[in-house]
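Colleague: Sharing structure-v9.cif here; it has mmCIF, N, CA and C atoms.
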```cif
data_structure
#
loop_
_atom_site.label_atom_id
_atom_site.label_comp_id
_atom_site.auth_asym_id
_atom_site.auth_seq_id
_atom_site.Cartn_x
_atom_site.Cartn_y
_atom_site.Cartn_z
N MET C 195 -100.48 44.21 -47.17
CA MET C 195 -99.75 44.90 -48.21
C MET C 195 -98.40 44.24 -48.42
N GLY C 196 -97.96 44.26 -49.67
CA GLY C 196 -96.65 43.71 -49.98
C GLY C 196 -95.55 44.70 -49.62
N THR C 197 -94.33 44.21 -49.70
CA THR C 197 -93.20 45.07 -49.35
C THR C 197 -93.05 46.22 -50.34
N ASP C 198 -93.38 45.98 -51.62
CA ASP C 198 -93.32 47.07 -52.60
C ASP C 198 -94.32 48.17 -52.25
N GLN C 199 -95.50 47.74 -51.85
CA GLN C 199 -96.54 48.71 -51.46
C GLN C 199 -96.13 49.47 -50.21
N ASP C 200 -95.56 48.77 -49.23
CA ASP C 200 -95.08 49.42 -48.01
C ASP C 200 -94.01 50.44 -48.32
N GLU C 201 -93.08 50.08 -49.20
CA GLU C 201 -91.99 50.99 -49.56
C GLU C 201 -92.54 52.23 -50.28
N ARG C 202 -93.53 52.02 -51.14
CA ARG C 202 -94.14 53.16 -51.85
C ARG C 202 -94.81 54.11 -50.87
N VAL C 203 -95.52 53.59 -49.88
CA VAL C 203 -96.19 54.42 -48.87
C VAL C 203 -95.15 55.17 -48.05
N ARG C 204 -94.06 54.49 -47.66
CA ARG C 204 -92.99 55.16 -46.90
C ARG C 204 -92.36 56.29 -47.71
N ARG C 205 -92.16 56.06 -49.02
CA ARG C 205 -91.56 57.08 -49.87
C ARG C 205 -92.47 58.30 -49.98
N ILE C 206 -93.79 58.07 -50.14
CA ILE C 206 -94.75 59.17 -50.22
C ILE C 206 -94.75 59.96 -48.92
N GLU C 207 -94.78 59.27 -47.78
CA GLU C 207 -94.77 59.96 -46.49
C GLU C 207 -93.48 60.73 -46.29
N HIS C 208 -92.35 60.16 -46.73
CA HIS C 208 -91.07 60.85 -46.60
C HIS C 208 -91.06 62.12 -47.46
N GLU C 209 -91.63 62.05 -48.67
CA GLU C 209 -91.68 63.23 -49.54
C GLU C 209 -92.54 64.32 -48.92
N GLU C 210 -93.66 63.95 -48.30
CA GLU C 210 -94.51 64.95 -47.64
C GLU C 210 -93.77 65.63 -46.50
N LEU C 211 -93.03 64.85 -45.72
CA LEU C 211 -92.26 65.43 -44.61
C LEU C 211 -91.15 66.33 -45.14
N ALA C 212 -90.52 65.93 -46.24
CA ALA C 212 -89.47 66.76 -46.83
C ALA C 212 -90.04 68.08 -47.34
N GLN C 213 -91.24 68.02 -47.96
CA GLN C 213 -91.88 69.26 -48.43
C GLN C 213 -92.23 70.16 -47.26
N ALA C 214 -92.69 69.58 -46.17
CA ALA C 214 -93.03 70.38 -44.99
C ALA C 214 -91.78 71.02 -44.41
N ALA C 215 -90.64 70.33 -44.48
CA ALA C 215 -89.41 70.89 -43.95
C ALA C 215 -88.91 72.04 -44.83
N VAL C 216 -89.09 71.92 -46.15
CA VAL C 216 -88.67 72.97 -47.07
C VAL C 216 -89.54 74.20 -46.91
N ASN C 217 -90.84 74.00 -46.74
CA ASN C 217 -91.78 75.12 -46.64
C ASN C 217 -92.46 75.07 -45.28
N PRO C 218 -91.86 75.70 -44.27
CA PRO C 218 -92.43 75.60 -42.92
C PRO C 218 -93.72 76.37 -42.75
N TRP C 219 -93.97 77.36 -43.59
CA TRP C 219 -95.19 78.13 -43.45
C TRP C 219 -96.35 77.26 -43.86
N PRO C 220 -97.35 77.05 -43.01
CA PRO C 220 -98.33 75.99 -43.25
C PRO C 220 -99.22 76.19 -44.48
N TYR C 221 -99.35 77.41 -44.99
CA TYR C 221 -100.27 77.60 -46.10
C TYR C 221 -99.55 78.00 -47.37
N GLY C 222 -98.28 77.66 -47.49
CA GLY C 222 -97.55 77.91 -48.71
C GLY C 222 -97.03 79.34 -48.78
N GLY C 223 -96.18 79.56 -49.75
CA GLY C 223 -95.64 80.90 -49.94
C GLY C 223 -94.55 81.22 -48.93
N ARG C 224 -94.11 82.45 -48.97
CA ARG C 224 -93.06 82.89 -48.07
C ARG C 224 -93.63 83.28 -46.72
N VAL C 225 -92.80 83.16 -45.73
CA VAL C 225 -93.18 83.60 -44.39
C VAL C 225 -93.16 85.13 -44.39
N PRO C 226 -94.21 85.80 -43.94
CA PRO C 226 -94.19 87.26 -43.89
C PRO C 226 -93.06 87.78 -43.02
N GLU C 227 -92.52 88.92 -43.41
CA GLU C 227 -91.38 89.49 -42.69
C GLU C 227 -91.70 89.75 -41.22
N HIS C 228 -92.93 90.22 -40.94
CA HIS C 228 -93.27 90.55 -39.56
C HIS C 228 -93.35 89.30 -38.67
N ALA C 229 -93.48 88.12 -39.28
CA ALA C 229 -93.60 86.90 -38.49
C ALA C 229 -92.27 86.14 -38.39
N MET C 230 -91.26 86.63 -39.06
CA MET C 230 -90.00 85.90 -39.10
C MET C 230 -89.42 85.67 -37.71
N GLY C 231 -89.36 86.69 -36.90
CA GLY C 231 -88.73 86.55 -35.60
C GLY C 231 -89.65 85.97 -34.55
N SER C 232 -90.93 86.06 -34.74
CA SER C 232 -91.83 85.70 -33.66
C SER C 232 -92.35 84.26 -33.73
N MET C 233 -92.96 83.89 -34.83
CA MET C 233 -93.66 82.61 -34.86
C MET C 233 -93.11 81.60 -35.85
N ALA C 234 -92.23 81.99 -36.74
CA ALA C 234 -91.81 81.10 -37.83
C ALA C 234 -91.17 79.81 -37.31
N SER C 235 -90.27 79.92 -36.36
CA SER C 235 -89.61 78.71 -35.86
C SER C 235 -90.59 77.80 -35.12
N PHE C 236 -91.50 78.40 -34.39
CA PHE C 236 -92.52 77.61 -33.68
C PHE C 236 -93.42 76.89 -34.67
N ILE C 237 -93.86 77.60 -35.69
CA ILE C 237 -94.76 77.00 -36.69
C ILE C 237 -94.05 75.87 -37.42
N ASP C 238 -92.78 76.08 -37.77
CA ASP C 238 -92.00 75.04 -38.45
C ASP C 238 -91.94 73.78 -37.60
N ALA C 239 -91.57 73.93 -36.35
CA ALA C 239 -91.44 72.76 -35.46
C ALA C 239 -92.79 72.10 -35.23
N GLU C 240 -93.82 72.88 -35.06
CA GLU C 240 -95.16 72.32 -34.81
C GLU C 240 -95.69 71.58 -36.03
N ARG C 241 -95.49 72.13 -37.21
CA ARG C 241 -95.94 71.47 -38.44
C ARG C 241 -95.23 70.13 -38.61
N ARG C 242 -93.93 70.11 -38.41
CA ARG C 242 -93.18 68.86 -38.51
C ARG C 242 -93.67 67.84 -37.49
N ARG C 243 -93.88 68.29 -36.26
CA ARG C 243 -94.32 67.38 -35.21
C ARG C 243 -95.67 66.76 -35.56
N VAL C 244 -96.58 67.58 -36.05
CA VAL C 244 -97.92 67.09 -36.41
C VAL C 244 -97.84 66.12 -37.58
N LEU C 245 -97.07 66.46 -38.61
CA LEU C 245 -96.96 65.58 -39.78
C LEU C 245 -96.27 64.26 -39.45
N GLU C 246 -95.29 64.28 -38.57
CA GLU C 246 -94.60 63.04 -38.21
C GLU C 246 -95.52 62.06 -37.49
N LYS C 247 -96.42 62.58 -36.68
CA LYS C 247 -97.31 61.71 -35.91
C LYS C 247 -98.60 61.36 -36.65
N ALA C 248 -98.88 62.04 -37.75
CA ALA C 248 -100.16 61.86 -38.43
C ALA C 248 -100.16 60.57 -39.26
N SER C 249 -101.32 59.93 -39.26
CA SER C 249 -101.51 58.76 -40.12
C SER C 249 -101.82 59.25 -41.53
N PRO C 250 -101.77 58.38 -42.52
CA PRO C 250 -102.13 58.81 -43.88
C PRO C 250 -103.54 59.40 -43.97
N GLU C 251 -104.48 58.85 -43.21
CA GLU C 251 -105.84 59.39 -43.20
C GLU C 251 -105.87 60.79 -42.60
N GLN C 252 -105.11 61.02 -41.54
CA GLN C 252 -105.05 62.35 -40.94
C GLN C 252 -104.39 63.35 -41.90
N ARG C 253 -103.36 62.91 -42.61
CA ARG C 253 -102.73 63.79 -43.59
C ARG C 253 -103.70 64.16 -44.69
N ARG C 254 -104.52 63.19 -45.13
CA ARG C 254 -105.51 63.48 -46.16
C ARG C 254 -106.50 64.52 -45.67
N ARG C 255 -106.93 64.37 -44.41
CA ARG C 255 -107.87 65.35 -43.85
C ARG C 255 -107.23 66.73 -43.70
N MET C 256 -105.95 66.76 -43.33
CA MET C 256 -105.25 68.05 -43.21
C MET C 256 -105.13 68.73 -44.57
N ARG C 257 -104.81 67.94 -45.61
CA ARG C 257 -104.74 68.52 -46.95
C ARG C 257 -106.11 69.04 -47.38
N ALA C 258 -107.18 68.30 -47.06
CA ALA C 258 -108.53 68.74 -47.41
C ALA C 258 -108.88 70.03 -46.69
N ALA C 259 -108.50 70.15 -45.42
CA ALA C 259 -108.77 71.38 -44.67
C ALA C 259 -108.00 72.56 -45.26
N GLU C 260 -106.77 72.34 -45.68
CA GLU C 260 -105.99 73.42 -46.29
C GLU C 260 -106.60 73.82 -47.62
N GLN C 261 -107.11 72.85 -48.39
CA GLN C 261 -107.77 73.18 -49.66
C GLN C 261 -109.05 73.99 -49.40
N ARG C 262 -109.82 73.59 -48.40
CA ARG C 262 -111.04 74.31 -48.04
C ARG C 262 -110.71 75.75 -47.65
N ARG C 263 -109.66 75.91 -46.84
CA ARG C 263 -109.23 77.24 -46.43
C ARG C 263 -108.83 78.08 -47.65
N ALA C 264 -108.12 77.48 -48.60
CA ALA C 264 -107.68 78.20 -49.79
C ALA C 264 -108.89 78.64 -50.63
N VAL C 265 -109.90 77.78 -50.74
CA VAL C 265 -111.10 78.13 -51.51
C VAL C 265 -111.84 79.29 -50.85
N PHE C 266 -112.02 79.23 -49.53
CA PHE C 266 -112.72 80.31 -48.83
C PHE C 266 -111.92 81.61 -48.90
N ALA C 267 -110.60 81.52 -48.78
CA ALA C 267 -109.76 82.72 -48.86
C ALA C 267 -109.85 83.35 -50.25
N ALA C 268 -109.86 82.52 -51.29
CA ALA C 268 -109.99 83.04 -52.66
C ALA C 268 -111.35 83.70 -52.86
N TRP C 269 -112.41 83.08 -52.33
CA TRP C 269 -113.73 83.69 -52.44
C TRP C 269 -113.76 85.05 -51.75
N ASN C 270 -113.23 85.11 -50.55
CA ASN C 270 -113.22 86.37 -49.81
C ASN C 270 -112.38 87.43 -50.52
N ALA C 271 -111.27 87.04 -51.12
CA ALA C 271 -110.44 87.99 -51.86
C ALA C 271 -111.17 88.51 -53.09
N VAL C 272 -111.88 87.63 -53.78
CA VAL C 272 -112.64 88.05 -54.96
C VAL C 272 -113.76 89.01 -54.55
N MET C 273 -114.44 88.68 -53.47
CA MET C 273 -115.53 89.55 -53.02
C MET C 273 -115.00 90.90 -52.53
N ALA C 274 -113.86 90.91 -51.89
CA ALA C 274 -113.31 92.16 -51.37
C ALA C 274 -112.77 93.06 -52.47
N ALA C 275 -112.26 92.47 -53.54
CA ALA C 275 -111.60 93.25 -54.59
C ALA C 275 -112.52 93.61 -55.75
N SER C 276 -113.75 93.15 -55.74
CA SER C 276 -114.64 93.36 -56.88
C SER C 276 -115.72 94.38 -56.56
N PRO C 277 -115.60 95.59 -57.12
CA PRO C 277 -116.64 96.59 -56.83
C PRO C 277 -117.99 96.23 -57.44
N ASP C 278 -117.99 95.47 -58.54
CA ASP C 278 -119.26 95.13 -59.17
C ASP C 278 -120.03 94.04 -58.43
N VAL C 279 -119.38 93.32 -57.52
CA VAL C 279 -120.11 92.30 -56.76
C VAL C 279 -120.26 92.68 -55.29
N SER C 280 -119.98 93.93 -54.96
CA SER C 280 -120.05 94.33 -53.55
C SER C 280 -121.48 94.23 -53.02
N ARG C 281 -122.47 94.49 -53.86
CA ARG C 281 -123.85 94.37 -53.37
C ARG C 281 -124.26 92.91 -53.22
N GLU C 282 -123.69 92.03 -54.05
CA GLU C 282 -124.02 90.62 -53.94
C GLU C 282 -123.46 90.01 -52.66
N LYS C 283 -122.26 90.44 -52.28
CA LYS C 283 -121.65 89.82 -51.11
C LYS C 283 -122.42 90.10 -49.83
N SER C 284 -123.21 91.16 -49.82
CA SER C 284 -124.01 91.43 -48.62
C SER C 284 -125.20 90.47 -48.51
N HIS C 285 -125.49 89.73 -49.56
CA HIS C 285 -126.62 88.80 -49.54
C HIS C 285 -126.17 87.34 -49.40
N VAL C 286 -124.86 87.11 -49.35
CA VAL C 286 -124.34 85.75 -49.16
C VAL C 286 -124.47 85.41 -47.69
N THR C 287 -125.14 84.30 -47.40
CA THR C 287 -125.36 83.90 -46.01
C THR C 287 -124.44 82.77 -45.57
N GLY C 288 -123.82 82.08 -46.51
CA GLY C 288 -122.93 80.99 -46.12
C GLY C 288 -122.22 80.38 -47.30
N LEU C 289 -121.14 79.66 -47.01
CA LEU C 289 -120.37 78.96 -48.02
C LEU C 289 -120.14 77.53 -47.56
N TYR C 290 -120.07 76.63 -48.52
CA TYR C 290 -119.73 75.24 -48.22
C TYR C 290 -118.89 74.73 -49.39
N TYR C 291 -117.78 74.08 -49.08
CA TYR C 291 -116.93 73.51 -50.13
C TYR C 291 -117.12 72.00 -50.16
N ASP C 292 -117.58 71.47 -51.29
CA ASP C 292 -117.76 70.04 -51.48
C ASP C 292 -116.51 69.48 -52.14
N GLU C 293 -115.68 68.82 -51.34
CA GLU C 293 -114.39 68.33 -51.83
C GLU C 293 -114.56 67.26 -52.90
N ALA C 294 -115.56 66.41 -52.78
CA ALA C 294 -115.74 65.31 -53.73
C ALA C 294 -116.01 65.82 -55.14
N GLN C 295 -116.79 66.90 -55.25
CA GLN C 295 -117.13 67.45 -56.56
C GLN C 295 -116.29 68.68 -56.90
N ASN C 296 -115.42 69.10 -56.00
CA ASN C 296 -114.64 70.33 -56.15
C ASN C 296 -115.57 71.50 -56.48
N ALA C 297 -116.64 71.61 -55.70
CA ALA C 297 -117.65 72.64 -55.94
C ALA C 297 -117.80 73.53 -54.72
N LEU C 298 -117.95 74.81 -54.98
CA LEU C 298 -118.22 75.78 -53.92
C LEU C 298 -119.72 76.06 -53.94
N ILE C 299 -120.38 75.80 -52.83
CA ILE C 299 -121.82 76.05 -52.72
C ILE C 299 -122.00 77.35 -51.96
N VAL C 300 -122.67 78.30 -52.60
CA VAL C 300 -122.88 79.63 -52.03
C VAL C 300 -124.35 79.74 -51.66
N TYR C 301 -124.61 80.03 -50.38
CA TYR C 301 -125.98 80.21 -49.92
C TYR C 301 -126.29 81.70 -49.87
N VAL C 302 -127.44 82.08 -50.43
CA VAL C 302 -127.86 83.48 -50.45
C VAL C 302 -129.24 83.61 -49.82
N ASP C 303 -129.63 84.86 -49.52
CA ASP C 303 -130.85 85.07 -48.75
C ASP C 303 -132.14 85.19 -49.56
N SER C 304 -132.08 85.22 -50.89
CA SER C 304 -133.32 85.27 -51.67
C SER C 304 -133.10 84.63 -53.04
N ASP C 305 -134.21 84.29 -53.69
CA ASP C 305 -134.14 83.67 -55.00
C ASP C 305 -133.56 84.61 -56.05
N ILE C 306 -133.85 85.89 -55.92
CA ILE C 306 -133.34 86.87 -56.88
C ILE C 306 -131.81 86.90 -56.85
N TRP C 307 -131.24 86.91 -55.63
CA TRP C 307 -129.78 86.95 -55.53
C TRP C 307 -129.17 85.62 -55.91
N CYS C 308 -129.90 84.55 -55.73
CA CYS C 308 -129.44 83.23 -56.17
C CYS C 308 -129.29 83.24 -57.70
N GLN C 309 -130.27 83.80 -58.37
CA GLN C 309 -130.23 83.89 -59.82
C GLN C 309 -129.12 84.85 -60.28
N GLU C 310 -128.98 85.97 -59.59
CA GLU C 310 -127.96 86.96 -59.94
C GLU C 310 -126.55 86.37 -59.84
N LEU C 311 -126.25 85.72 -58.72
CA LEU C 311 -124.93 85.11 -58.56
C LEU C 311 -124.77 83.89 -59.47
N GLY C 312 -125.87 83.22 -59.75
CA GLY C 312 -125.81 82.09 -60.68
C GLY C 312 -125.38 82.53 -62.07
N MET C 313 -125.81 83.71 -62.48
CA MET C 313 -125.42 84.22 -63.79
C MET C 313 -123.95 84.64 -63.80
N LYS C 314 -123.41 85.01 -62.65
CA LYS C 314 -122.02 85.47 -62.58
C LYS C 314 -121.05 84.38 -62.14
N ARG C 315 -121.52 83.14 -62.05
CA ARG C 315 -120.68 82.10 -61.47
C ARG C 315 -119.40 81.85 -62.27
N GLU C 316 -119.44 81.93 -63.59
CA GLU C 316 -118.23 81.70 -64.38
C GLU C 316 -117.24 82.84 -64.21
N VAL C 317 -117.74 84.06 -64.09
CA VAL C 317 -116.86 85.21 -63.84
C VAL C 317 -116.19 85.04 -62.48
N LEU C 318 -116.96 84.64 -61.48
CA LEU C 318 -116.42 84.43 -60.14
C LEU C 318 -115.41 83.29 -60.13
N ARG C 319 -115.70 82.22 -60.86
CA ARG C 319 -114.79 81.09 -60.95
C ARG C 319 -113.45 81.50 -61.57
N THR C 320 -113.53 82.33 -62.62
CA THR C 320 -112.32 82.82 -63.28
C THR C 320 -111.51 83.70 -62.34
N ARG C 321 -112.19 84.58 -61.62
CA ARG C 321 -111.48 85.44 -60.67
C ARG C 321 -110.85 84.63 -59.55
N MET C 322 -111.51 83.55 -59.13
CA MET C 322 -110.92 82.68 -58.11
C MET C 322 -109.69 81.96 -58.66
N SER C 323 -109.71 81.63 -59.94
CA SER C 323 -108.55 80.96 -60.53
C SER C 323 -107.35 81.90 -60.57
N PHE C 324 -107.59 83.20 -60.71
CA PHE C 324 -106.50 84.17 -60.63
C PHE C 324 -105.92 84.24 -59.22
N GLN C 325 -106.69 83.83 -58.23
CA GLN C 325 -106.21 83.77 -56.85
C GLN C 325 -105.46 82.46 -56.58
N GLY C 326 -105.41 81.58 -57.58
CA GLY C 326 -104.68 80.33 -57.43
C GLY C 326 -105.52 79.14 -57.02
N VAL C 327 -106.84 79.27 -57.09
CA VAL C 327 -107.73 78.18 -56.68
C VAL C 327 -108.61 77.79 -57.86
N GLU C 328 -108.54 76.54 -58.25
CA GLU C 328 -109.38 76.03 -59.33
C GLU C 328 -110.57 75.29 -58.73
N VAL C 329 -111.76 75.81 -58.97
CA VAL C 329 -112.99 75.18 -58.51
C VAL C 329 -113.74 74.72 -59.75
N ALA C 330 -114.24 73.48 -59.74
CA ALA C 330 -114.93 72.94 -60.90
C ALA C 330 -116.24 73.68 -61.19
N LYS C 331 -116.95 74.03 -60.12
CA LYS C 331 -118.21 74.76 -60.33
C LYS C 331 -118.59 75.51 -59.07
N ILE C 332 -119.40 76.53 -59.29
CA ILE C 332 -119.98 77.29 -58.18
C ILE C 332 -121.48 77.10 -58.27
N VAL C 333 -122.08 76.66 -57.19
CA VAL C 333 -123.51 76.39 -57.14
C VAL C 333 -124.15 77.38 -56.17
N CYS C 334 -125.19 78.06 -56.60
CA CYS C 334 -125.89 79.01 -55.72
C CYS C 334 -127.18 78.36 -55.24
N ARG C 335 -127.41 78.45 -53.94
CA ARG C 335 -128.63 77.90 -53.34
C ARG C 335 -129.23 78.92 -52.39
N ARG C 336 -130.51 78.78 -52.20
CA ARG C 336 -131.24 79.66 -51.29
C ARG C 336 -131.10 79.13 -49.86
N SER C 337 -130.85 80.02 -48.93
CA SER C 337 -130.80 79.63 -47.51
C SER C 337 -132.19 79.23 -47.06
N ARG C 338 -132.25 78.52 -45.96
CA ARG C 338 -133.56 78.09 -45.46
C ARG C 338 -134.42 79.30 -45.09
N GLU C 339 -135.70 79.11 -45.08
CA GLU C 339 -136.66 80.19 -44.78
C GLU C 339 -136.40 80.77 -43.40
N GLY C 340 -136.45 82.07 -43.34
CA GLY C 340 -136.28 82.75 -42.07
C GLY C 340 -134.84 83.00 -41.67
N TYR C 341 -133.90 82.47 -42.44
CA TYR C 341 -132.49 82.68 -42.12
C TYR C 341 -132.03 83.99 -42.74
N GLU C 342 -131.47 84.85 -41.96
CA GLU C 342 -130.97 86.12 -42.45
C GLU C 342 -129.50 86.25 -42.11
N ARG C 343 -128.79 86.99 -42.92
CA ARG C 343 -127.38 87.22 -42.69
C ARG C 343 -127.19 88.04 -41.42
N LYS C 344 -126.22 87.64 -40.61
CA LYS C 344 -125.91 88.41 -39.41
C LYS C 344 -125.16 89.65 -39.80
N ARG C 345 -125.59 90.79 -39.31
CA ARG C 345 -124.94 92.04 -39.70
C ARG C 345 -124.32 92.70 -38.51
#
```
Output the structure of this file as C-alpha cells.
Modeller:
Amino acid sequence: MGTDQDERVRRIEHEELAQAAVNPWPYGGRVPEHAMGSMASFIDAERRRVLEKASPEQRRRMRAAEQRRAVFAAWNAVMAASPDVSREKSHVTGLYYDEAQNALIVYVDSDIWCQELGMKREVLRTRMSFQGVEVAKIVCRRSREGYERKR
C-alpha cells in the first residue's frame, strides 16, 4: 500500500475510535440510568480496549455482529408489539440474517405458516424499519422435517 492509502486507513481507524469514545454504550443510544453507576465506565473502557487492539477485519466482524443483533432485536420487538402476528410468532422456529444480501431468513414449522408470513413480509419489513433497522427482504422458509419449536 502507498502512503496515501496507509494514511486513509489510519484516519478511518481513528474516526472509529473517536466514535467509540463519544458513545461508550456498545449498541448505540444513551446509557440507561440504572446502568450509569454500575457498568458504564467498565463498558466504556472495555469497548475502547477491544477496538484499539482489533484489526480492520475484526472491526468489520464486530460491526456485522452488531448489525445482526440489531436485526434480531427489531424482529423480536415487532413480534412482541404486534397483536395480529402473535399467532405467527409461535410457529417461527429460527432466524438467520444474511449480511451479504441484507436479508432476514425466517424459518417456520409448516408450509401454511411459511405462506402466511410470506404474505405479511412487507408489513413486517415496514414495522422493522420503524425500529430503526432496514432489511432488504424477508424470506420465509420451512424448517427441516421433524423439527419442532421448543416450548
Colleague: Do a neighbour search on segment 321-328 of chain C at 8 Å with all atoms listed in the file, toss out local chain neighbours closer than 5 positions, and write the hits as a VMD selection string.
Modeller: chain C and resid 264 to 265 267 to 269 271 to 272 296 to 297 315 to 316
Colleague: Under the rule that only N, CA and C atoms are counted, which of C:Phe236, C:Leu298, C:Asp303, C:Thr320 is the nearest residue to Ile332 of chain C?
Modeller: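 Smallest distance to Ile332 of chain C is found for C:Leu298.
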Colleague: State, in Å with one decimal place, the distance from atom CA of Cys334 of chain C to atom C of Arg263 of chain C.
Modeller: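 Value for the atom CA of Cys334 of chain C-atom C of Arg263 of chain C distance: 18.9 Å.
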Colleague: What is the distance, in Å and to one decimal place, between atom N of Glu246 of chain C and atom CA of Arg262 of chain C?
Modeller: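 Computing it gives 20.9 Å between the two atoms.
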Colleague: Taking the DSSP secondary structure from the backbone, can you list the residues of segment 255-344 of chain C that are strand (DSSP E), as a list in words?
Modeller: Val286, Thr287, Gly288, Leu289, Tyr290, Tyr291, Asp292, Ala297, Leu298, Ile299, Val300, Tyr301, Val302, Lys331, Ile332, Val333, Cys334, Arg335 and Arg336 of chain C
Colleague: Name the closest residue to Ala275 of chain C among the candidates C:Leu318, C:Glu240, C:Ser235, C:Glu339; distances are taken between atoms, counting only C-alpha atoms.
Modeller: C:Leu318
Colleague: As an exercise, work out the distance from atom CA of Asp305 of chain C to atom CA of Thr287 of chain C in Å and give it to one decimal place.
Modeller: 12.6 Å
Colleague: On this structure, which residues satisfy the PyMOL selection byres ((chain C and resi 286) around 8), written as a list in words?
Modeller: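 Residues picked by the PyMOL selection byres ((chain C and resi 286) around 8): Arg281, Glu282, Lys283, Ser284, His285, Thr287, Gly288, Leu289, Val300, Tyr301, Val302, Asp303, Ser304, Trp307, Glu342, Arg343 and Lys344 of chain C.
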Colleague: Kindly write C-alpha atoms of segment 303-322 of chain C from the structure just given to a file, as a PDB file, in the first residue's frame.
Modeller:
```pdb
ATOM      1  CA  ASP C 303     -42.709 -25.119  11.209  1.00  0.00           C
ATOM      2  CA  SER C 304     -45.165 -25.671   8.326  1.00  0.00           C
ATOM      3  CA  ASP C 305     -45.832 -24.662   4.737  1.00  0.00           C
ATOM      4  CA  ILE C 306     -49.063 -22.912   5.710  1.00  0.00           C
ATOM      5  CA  TRP C 307     -47.257 -20.596   8.131  1.00  0.00           C
ATOM      6  CA  CYS C 308     -44.498 -20.063   5.585  1.00  0.00           C
ATOM      7  CA  GLN C 309     -47.119 -18.794   3.152  1.00  0.00           C
ATOM      8  CA  GLU C 310     -48.870 -16.722   5.842  1.00  0.00           C
ATOM      9  CA  LEU C 311     -45.681 -14.925   6.909  1.00  0.00           C
ATOM     10  CA  GLY C 312     -44.639 -14.638   3.278  1.00  0.00           C
ATOM     11  CA  MET C 313     -47.767 -12.617   2.583  1.00  0.00           C
ATOM     12  CA  LYS C 314     -47.012 -10.327   5.548  1.00  0.00           C
ATOM     13  CA  ARG C 315     -43.324  -9.853   4.824  1.00  0.00           C
ATOM     14  CA  GLU C 316     -43.645  -6.257   3.579  1.00  0.00           C
ATOM     15  CA  VAL C 317     -45.711  -5.282   6.627  1.00  0.00           C
ATOM     16  CA  LEU C 318     -43.088  -6.874   8.874  1.00  0.00           C
ATOM     17  CA  ARG C 319     -40.283  -5.146   6.968  1.00  0.00           C
ATOM     18  CA  THR C 320     -42.008  -1.779   7.416  1.00  0.00           C
ATOM     19  CA  ARG C 321     -42.509  -2.369  11.122  1.00  0.00           C
ATOM     20  CA  MET C 322     -38.833  -3.308  11.449  1.00  0.00           C
TER      21      MET C 322
END
```
